[in-house]
>>> print(open('final_14.tsv').read())   # TSV, C-alpha atoms
chain	number	residue	atom	x	y	z
A	13	MET	CA	36.78	-27.73	-52.99
A	14	LYS	CA	39.96	-29.82	-53.16
A	15	ASN	CA	38.61	-31.57	-56.26
A	16	ILE	CA	38.37	-28.35	-58.23
A	17	ARG	CA	40.54	-28.41	-61.33
A	18	TRP	CA	41.97	-24.95	-61.22
A	19	GLN	CA	43.35	-25.06	-64.74
A	20	GLU	CA	39.73	-25.00	-65.92
A	21	LEU	CA	39.58	-21.45	-64.68
A	22	ILE	CA	41.82	-20.44	-67.57
A	23	PRO	CA	39.32	-21.20	-70.36
A	24	GLY	CA	36.54	-20.01	-68.02
A	25	SER	CA	38.23	-16.72	-67.40
A	26	LEU	CA	38.52	-16.22	-71.15
A	27	ILE	CA	34.78	-15.49	-71.21
A	28	ILE	CA	35.34	-12.49	-68.98
A	29	PHE	CA	38.45	-11.62	-70.93
A	30	MET	CA	36.58	-11.64	-74.27
A	31	PHE	CA	33.80	-9.45	-72.88
A	32	GLY	CA	36.46	-7.08	-71.61
A	33	MET	CA	38.09	-7.10	-75.03
A	34	ALA	CA	34.78	-6.23	-76.64
A	35	VAL	CA	34.59	-3.11	-74.51
A	36	VAL	CA	38.19	-1.94	-74.86
A	37	SER	CA	38.38	-2.70	-78.58
A	38	THR	CA	35.92	0.12	-79.30
A	39	TRP	CA	38.86	2.47	-78.80
A	40	GLY	CA	39.49	4.14	-82.12
A	41	TRP	CA	36.17	2.94	-83.58
A	42	HIS	CA	33.52	5.56	-83.34
A	43	THR	CA	31.04	4.57	-86.04
A	44	ALA	CA	27.65	3.38	-84.84
A	45	TRP	CA	28.03	0.10	-86.66
A	46	ALA	CA	31.43	-0.66	-85.16
A	47	SER	CA	30.19	0.08	-81.64
A	48	ALA	CA	27.14	-2.14	-82.02
A	49	PHE	CA	29.32	-4.81	-83.52
A	50	HIS	CA	31.86	-4.75	-80.73
A	51	PHE	CA	29.45	-4.40	-77.88
A	52	PHE	CA	26.91	-6.95	-79.06
A	53	TYR	CA	27.94	-9.37	-81.82
A	54	PHE	CA	31.49	-9.90	-80.69
A	55	PRO	CA	30.63	-10.98	-77.11
A	56	VAL	CA	27.79	-13.14	-78.42
A	57	LEU	CA	30.13	-14.89	-80.85
A	58	ALA	CA	32.73	-15.38	-78.14
A	59	LEU	CA	30.12	-16.85	-75.82
A	60	LEU	CA	28.85	-19.12	-78.60
A	61	VAL	CA	32.34	-20.51	-79.13
A	62	GLU	CA	32.63	-21.10	-75.37
A	63	LEU	CA	29.31	-22.97	-75.30
A	64	ILE	CA	30.23	-25.14	-78.29
A	65	PHE	CA	33.47	-26.16	-76.60
A	66	TRP	CA	31.81	-26.83	-73.27
A	67	PHE	CA	29.33	-29.03	-75.15
A	68	PHE	CA	32.14	-30.98	-76.83
A	69	LEU	CA	34.02	-31.26	-73.55
A	70	ARG	CA	30.97	-32.90	-71.96
A	71	LYS	CA	30.43	-35.16	-74.97
A	72	PHE	CA	34.00	-36.44	-75.22
A	73	LYS	CA	34.70	-36.78	-71.52
A	74	PRO	CA	33.65	-40.44	-71.17
A	75	TYR	CA	35.73	-41.52	-74.19
A	76	ALA	CA	38.94	-39.69	-73.42
A	77	LYS	CA	41.82	-41.91	-72.30
A	78	SER	CA	43.18	-39.18	-70.09
A	79	GLN	CA	40.85	-36.55	-68.69
A	80	ASP	CA	43.76	-34.30	-67.88
A	81	VAL	CA	45.19	-34.33	-71.40
A	82	LEU	CA	41.70	-33.65	-72.76
A	83	ARG	CA	41.28	-30.67	-70.47
A	84	ILE	CA	44.64	-29.22	-71.44
A	85	ALA	CA	43.82	-29.76	-75.13
A	86	MET	CA	40.48	-28.01	-74.66
A	87	ALA	CA	42.17	-25.12	-72.88
A	88	GLY	CA	44.47	-24.77	-75.90
A	89	LEU	CA	41.51	-24.91	-78.28
A	90	PHE	CA	39.64	-22.31	-76.22
A	91	THR	CA	42.55	-19.93	-76.36
A	92	GLY	CA	43.30	-20.56	-80.03
A	93	SER	CA	39.71	-20.24	-81.17
A	94	HIS	CA	39.22	-16.99	-79.27
A	95	PHE	CA	42.25	-15.45	-80.87
A	96	LEU	CA	41.03	-16.69	-84.26
A	97	VAL	CA	37.55	-15.26	-83.71
A	98	PHE	CA	39.08	-11.99	-82.62
A	99	TRP	CA	41.33	-11.66	-85.66
A	100	ILE	CA	38.76	-12.77	-88.26
A	101	ILE	CA	36.01	-10.60	-86.79
A	102	GLN	CA	38.30	-7.62	-86.54
A	103	ALA	CA	39.51	-8.08	-90.12
A	104	VAL	CA	35.98	-7.60	-91.54
A	105	PRO	CA	35.36	-4.03	-90.30
A	106	VAL	CA	38.98	-3.15	-91.04
A	107	ALA	CA	38.56	-4.28	-94.66
A	108	GLY	CA	35.20	-2.52	-94.94
A	109	GLN	CA	36.25	0.78	-93.41
A	110	PHE	CA	39.89	0.98	-94.35
A	111	GLN	CA	40.15	4.68	-93.51
A	112	HIS	CA	39.82	3.79	-89.82
A	113	PHE	CA	42.64	1.29	-89.87
A	114	SER	CA	45.66	2.22	-87.83
A	115	ILE	CA	48.58	-0.09	-87.14
A	116	LYS	CA	49.07	1.60	-83.77
A	117	TRP	CA	45.50	0.75	-82.74
A	118	TRP	CA	45.98	-2.79	-84.03
A	119	ILE	CA	49.13	-3.34	-81.92
A	120	GLN	CA	47.41	-1.68	-78.97
A	121	CYS	CA	44.63	-4.30	-79.21
A	122	VAL	CA	47.22	-7.11	-79.17
A	123	ASP	CA	48.88	-5.47	-76.16
A	124	ILE	CA	45.57	-5.37	-74.32
A	125	ILE	CA	44.91	-9.04	-75.15
A	126	LEU	CA	48.36	-9.99	-73.88
A	127	GLY	CA	48.07	-7.83	-70.76
A	128	ILE	CA	44.68	-9.17	-69.70
A	129	PHE	CA	45.71	-12.73	-70.54
A	130	PHE	CA	48.90	-12.53	-68.44
A	131	ILE	CA	47.04	-11.01	-65.49
A	132	THR	CA	44.34	-13.70	-65.68
A	133	VAL	CA	46.81	-16.59	-65.87
A	134	GLY	CA	49.08	-15.03	-63.23
A	135	ALA	CA	46.20	-14.55	-60.80
A	136	VAL	CA	45.45	-18.30	-60.69
A	137	ALA	CA	48.98	-19.62	-61.24
A	138	GLY	CA	49.71	-20.64	-57.64
A	139	LYS	CA	46.68	-22.92	-57.64
A	140	SER	CA	48.27	-25.39	-60.03
A	141	ASN	CA	49.95	-26.96	-57.05
A	142	VAL	CA	46.62	-28.38	-55.92
A	143	SER	CA	46.76	-31.78	-57.56
A	144	SER	CA	49.95	-33.80	-57.67
A	145	SER	CA	48.64	-35.86	-60.60
A	146	LEU	CA	48.40	-32.72	-62.70
A	147	LYS	CA	51.58	-30.96	-61.72
A	148	GLY	CA	53.50	-31.70	-64.95
A	149	LYS	CA	50.60	-30.98	-67.27
A	150	THR	CA	49.22	-27.78	-65.81
A	151	ALA	CA	52.70	-26.35	-65.74
A	152	THR	CA	52.89	-26.60	-69.52
A	153	ILE	CA	50.33	-23.79	-69.76
A	154	TYR	CA	52.64	-21.14	-68.43
A	155	ASN	CA	55.83	-22.91	-67.36
A	156	TRP	CA	56.51	-24.87	-70.61
A	157	PHE	CA	57.74	-27.92	-68.78
A	158	GLN	CA	58.41	-29.09	-65.27
A	159	PRO	CA	62.07	-29.29	-64.25
A	160	SER	CA	63.02	-32.34	-62.20
A	161	TRP	CA	63.69	-30.33	-59.04
A	162	GLU	CA	60.15	-28.94	-59.17
A	163	ASN	CA	58.79	-32.47	-59.44
A	164	ALA	CA	60.96	-33.49	-56.50
A	165	SER	CA	59.87	-30.72	-54.17
A	166	SER	CA	56.30	-29.54	-53.77
A	167	PHE	CA	57.57	-26.64	-51.65
A	168	ALA	CA	59.91	-25.40	-54.40
A	169	ARG	CA	57.15	-25.91	-56.96
A	170	GLY	CA	54.60	-23.95	-54.94
A	171	ARG	CA	56.95	-21.04	-54.31
A	172	SER	CA	58.06	-20.94	-57.93
A	173	TYR	CA	54.46	-20.97	-59.17
A	174	ARG	CA	53.49	-18.10	-56.87
A	175	LEU	CA	56.50	-16.08	-58.00
A	176	GLN	CA	55.69	-16.80	-61.64
A	177	GLY	CA	52.11	-15.73	-60.99
A	178	TRP	CA	53.24	-12.37	-59.64
A	179	LEU	CA	55.73	-11.96	-62.49
A	180	LEU	CA	53.00	-12.61	-65.05
A	181	ILE	CA	50.68	-10.13	-63.32
A	182	SER	CA	53.45	-7.50	-63.34
A	183	THR	CA	54.19	-8.19	-67.01
A	184	GLY	CA	50.49	-7.89	-67.86
A	185	ALA	CA	50.02	-4.68	-65.88
A	186	LEU	CA	53.18	-3.16	-67.39
A	187	THR	CA	52.04	-4.13	-70.90
A	188	LEU	CA	48.65	-2.49	-70.33
A	189	LEU	CA	50.21	0.69	-68.94
A	190	VAL	CA	52.97	1.06	-71.54
A	191	CYS	CA	50.56	0.38	-74.45
A	192	LEU	CA	48.91	3.72	-73.67
A	193	ILE	CA	52.22	5.46	-74.38
A	194	ASN	CA	54.03	3.24	-76.88
A	195	ALA	CA	52.26	0.20	-78.31
A	196	PRO	CA	55.24	-1.61	-79.97
A	197	VAL	CA	57.38	-1.22	-76.83
A	198	ALA	CA	54.50	-2.61	-74.74
A	199	PHE	CA	54.33	-5.61	-77.08
A	200	LEU	CA	58.04	-6.25	-76.61
A	201	ILE	CA	57.67	-5.91	-72.83
A	202	GLY	CA	54.81	-8.44	-72.87
A	203	ILE	CA	56.67	-11.01	-74.96
A	204	SER	CA	59.99	-10.67	-73.13
A	205	GLY	CA	58.21	-10.77	-69.75
A	206	ALA	CA	56.41	-13.97	-70.73
A	207	LEU	CA	59.68	-15.54	-71.87
A	208	ALA	CA	61.57	-14.40	-68.78
A	209	THR	CA	58.90	-15.63	-66.33
A	210	PRO	CA	59.55	-19.39	-66.65
A	211	LEU	CA	63.32	-18.83	-66.79
A	212	ILE	CA	63.20	-16.88	-63.51
A	213	GLY	CA	60.77	-19.49	-62.10
A	214	TRP	CA	63.10	-22.39	-62.91
A	215	SER	CA	66.12	-20.62	-61.43
A	216	TYR	CA	64.19	-19.65	-58.31
A	217	SER	CA	62.75	-23.13	-57.76
A	218	TYR	CA	66.25	-24.58	-58.19
A	219	TYR	CA	67.55	-22.19	-55.53
A	220	VAL	CA	64.64	-23.06	-53.19
A	221	TRP	CA	65.13	-26.77	-53.79
A	222	ARG	CA	68.84	-26.50	-52.93
A	223	THR	CA	68.20	-24.52	-49.77
A	224	GLU	CA	64.87	-26.10	-48.88
A	225	PRO	CA	64.22	-26.23	-45.13
A	226	THR	CA	63.75	-29.80	-43.95
B	17	MET	CA	33.63	-20.79	-53.06
B	18	LEU	CA	34.43	-17.09	-52.62
B	19	ASN	CA	32.55	-17.13	-49.32
B	20	GLU	CA	34.78	-19.90	-48.02
B	21	ILE	CA	37.91	-18.04	-49.11
B	22	PHE	CA	36.80	-14.79	-47.45
B	23	LYS	CA	35.74	-16.69	-44.33
B	24	ALA	CA	39.14	-18.35	-44.14
B	25	LEU	CA	41.03	-15.10	-44.71
B	26	SER	CA	38.99	-13.08	-42.23
B	27	ASP	CA	40.64	-14.69	-39.22
B	28	PRO	CA	44.04	-13.31	-38.13
B	29	THR	CA	45.21	-16.74	-36.87
B	30	ARG	CA	44.47	-18.31	-40.21
B	31	ARG	CA	46.32	-15.51	-41.99
B	32	GLU	CA	49.26	-16.12	-39.64
B	33	ILE	CA	49.18	-19.84	-40.53
B	34	LEU	CA	49.38	-18.91	-44.21
B	35	LYS	CA	52.30	-16.60	-43.46
B	36	LEU	CA	54.17	-19.41	-41.68
B	37	LEU	CA	53.53	-21.85	-44.51
B	38	ARG	CA	55.03	-19.34	-46.92
B	39	GLU	CA	58.40	-20.02	-45.28
B	40	LYS	CA	58.21	-23.83	-45.32
B	41	ASN	CA	55.81	-26.76	-45.31
B	42	MET	CA	54.91	-27.60	-41.71
B	43	SER	CA	53.24	-30.41	-39.83
B	44	ALA	CA	50.07	-29.83	-37.81
B	45	GLY	CA	52.07	-30.23	-34.59
B	46	GLU	CA	54.72	-27.69	-35.64
B	47	LEU	CA	52.05	-25.19	-36.53
B	48	ALA	CA	50.14	-25.78	-33.29
B	49	ASP	CA	53.34	-25.09	-31.31
B	50	LYS	CA	53.55	-21.60	-32.83
B	51	PHE	CA	50.19	-20.59	-31.36
B	52	ASP	CA	48.86	-20.44	-27.84
B	53	LEU	CA	45.65	-22.20	-28.81
B	54	ALA	CA	44.00	-25.53	-28.08
B	55	LYS	CA	44.69	-28.28	-30.63
B	56	SER	CA	40.96	-28.56	-31.37
B	57	THR	CA	40.85	-24.84	-32.23
B	58	MET	CA	43.88	-25.22	-34.48
B	59	SER	CA	42.24	-28.19	-36.15
B	60	ALA	CA	39.18	-26.04	-36.91
B	61	HIS	CA	41.44	-23.40	-38.44
B	62	PHE	CA	43.15	-26.03	-40.65
B	63	THR	CA	39.76	-27.33	-41.78
B	64	ALA	CA	38.59	-23.83	-42.73
B	65	LEU	CA	41.77	-23.24	-44.74
B	66	LYS	CA	41.50	-26.64	-46.39
B	67	LEU	CA	37.85	-26.07	-47.31
B	68	ALA	CA	38.80	-22.77	-48.92
B	69	GLY	CA	41.52	-24.58	-50.86
B	70	LEU	CA	44.24	-22.31	-49.47
B	71	ILE	CA	46.30	-25.17	-48.05
B	72	VAL	CA	46.72	-28.82	-48.94
B	73	GLN	CA	47.57	-31.64	-46.57
B	74	GLU	CA	49.80	-34.60	-47.18
B	75	LYS	CA	50.27	-37.56	-44.88
B	76	LYS	CA	53.92	-38.29	-44.14
B	77	LYS	CA	54.40	-41.35	-41.93
B	78	THR	CA	52.52	-40.47	-38.76
B	79	SER	CA	52.20	-36.74	-39.23
B	80	VAL	CA	50.10	-34.51	-41.47
B	81	VAL	CA	52.13	-31.93	-43.40
B	82	TYR	CA	50.44	-28.79	-44.65
B	83	SER	CA	51.60	-26.80	-47.66
B	84	LEU	CA	50.42	-23.55	-49.15
B	85	ASN	CA	48.14	-23.63	-52.20
B	86	ILE	CA	47.38	-19.97	-52.70
B	87	SER	CA	47.11	-17.90	-55.86
B	88	ALA	CA	48.14	-14.28	-56.34
B	89	ALA	CA	44.47	-13.28	-56.40
B	90	GLU	CA	43.88	-14.89	-53.01
B	91	GLU	CA	47.05	-13.35	-51.57
B	92	THR	CA	45.75	-9.95	-52.61
B	93	MET	CA	42.35	-10.73	-51.06
B	94	GLY	CA	44.12	-11.66	-47.80
B	95	LEU	CA	46.01	-8.36	-47.79
B	96	ILE	CA	42.83	-6.36	-48.40
B	97	VAL	CA	40.93	-8.20	-45.64
B	98	ALA	CA	43.82	-7.62	-43.18
B	99	LEU	CA	43.96	-3.94	-44.12
B	100	LEU	CA	40.22	-3.47	-43.69
B	101	GLN	CA	40.29	-5.16	-40.29
B	102	LYS	CA	43.17	-2.93	-39.16
B	103	ARG	CA	41.23	0.17	-40.21
B	104	LYS	CA	38.12	-1.08	-38.44
B	105	LYS	CA	40.11	-1.65	-35.24
B	106	LYS	CA	41.63	1.85	-35.46
B	107	GLY	CA	38.19	3.36	-35.94
B	108	GLN	CA	36.80	1.68	-32.82
>>> encode(input="final_14.tsv", output="structure tokens")
Amino acid sequence: MKNIRWQELIPGSLIIFMFGMAVVSTWGWHTAWASAFHFFYFPVLALLVELIFWFFLRKFKPYAKSQDVLRIAMAGLFTGSHFLVFWIIQAVPVAGQFQHFSIKWWIQCVDIILGIFFITVGAVAGKSNVSSSLKGKTATIYNWFQPSWENASSFARGRSYRLQGWLLISTGALTLLVCLINAPVAFLIGISGALATPLIGWSYSYYVWRTEPT
Amino acid sequence: MLNEIFKALSDPTRREILKLLREKNMSAGELADKFDLAKSTMSAHFTALKLAGLIVQEKKKTSVVYSLNISAAEETMGLIVALLQKRKKKGQ
């Protein structure tokens, strides 16, 4: 259990996230073709991309100089490729059935992606404290970089990560809720929440580090 | 994995340990002093929490220091388990 690399949950959770996206993205698309496309082909494509990357991860593992860097790189590729698949695949039906296109729906889809992504990352954020050898690298996923006081104190780091996790969950939930009322505002909430999260985390961990009980 | 987490969270003493570790990292001795339990029982509780990955231990000189390693999802699970147990007790 202690050897589990929790950051691997992020690309793993993207499978669930993509399946969820396939379901919610049928909003505003009521043609039979679009429904079949979203419910069947889209999840299958997403899963295929996952499998290809898992295959490459296994293949390259023995040759990688640093396993941790490789894992982080793969997590980035997972995320990037999924977004790419989503946008390219979505662009085809939009081009084919232009009368269905609505910018509001489009932004709503982005809001849902952001919301689910933030909730997923936030839900596992506190676990990044598990391995001291990874503390600087895993933090780059959602904390950009590790301030020196977080490296110095595991207690401050743990507390900051948990707070950031809850902040990301709140941002994600708020984005999902507001996107039902006003999609552009929800997008702004999502982006500003994601930017504010590490800033609050750094300030909080600094405060904890200064007042840390010995 | 989930089984281990639920097993660890189902015990009120273990939930109390997690609550204490939220305040600060503590040694096994410090934690044992907070409870009226035998050291062997406390050790079993620590093992269950460690197996579930909810706490991590670090050796500092002669003592073992425990720190919290819990995610928001697990915190929520803990709250739900505590709530369900309270309801069950009320119902009895």
>>> interface_residues(input="final_14.tsv", of="chain B", to="chain A", cutoff="8 Å", atoms="only C-alpha atoms", output="MDAnalysis selection string")
chainID B and resid 17 38 40:41 66:69 72 83:89
>>> atom_distance(input="final_14.tsv", atom1="atom CA of Ala164 of chain A", atom2="atom CA of Leu70 of chain B")
21.3 Å
>>> atom_distance(input="final_14.tsv", atom1="atom CA of Ile128 of chain A", atom2="atom CA of Ser26 of chain B")
28.3 Å
>>> atom_distance(input="final_14.tsv", atom1="atom CA of Val220 of chain A", atom2="atom CA of Asp49 of chain B")
24.7 Å
>>> residues_around(input="final_14.tsv", residues="Tyr82 of chain B", least_positions_apart="3", cutoff="10 Å", atoms="all atoms listed in the file", output="PyMOL selection string")
chain B and resi 33-34+37+40-44+47+62+66+71-75+79+85
>>> closest_residue(input="final_14.tsv", among="B:Glu90, B:Lys55, B:Lys106, B:His61", to="Pro28 of chain B", atoms="only C-alpha atoms")
B:His61
>>> residues_around(input="final_14.tsv", residues="Ala98 of chain B", least_positions_apart="4", cutoff="10 Å", atoms="only C-alpha atoms", output="number ranges by chain")
B: 25-28, 31, 92-94, 102-104
>>> closest_residue(input="final_14.tsv", among="B:Thr29, B:Leu100, B:Gly45, B:Leu36", to="Thr78 of chain B", atoms="only C-alpha atoms")
B:Gly45
>>> closest_residue(input="final_14.tsv", among="A:Phe129, A:Thr183, A:Ile124, A:Lys116", to="Leu207 of chain A", atoms="all atoms listed in the file")
A:Thr183
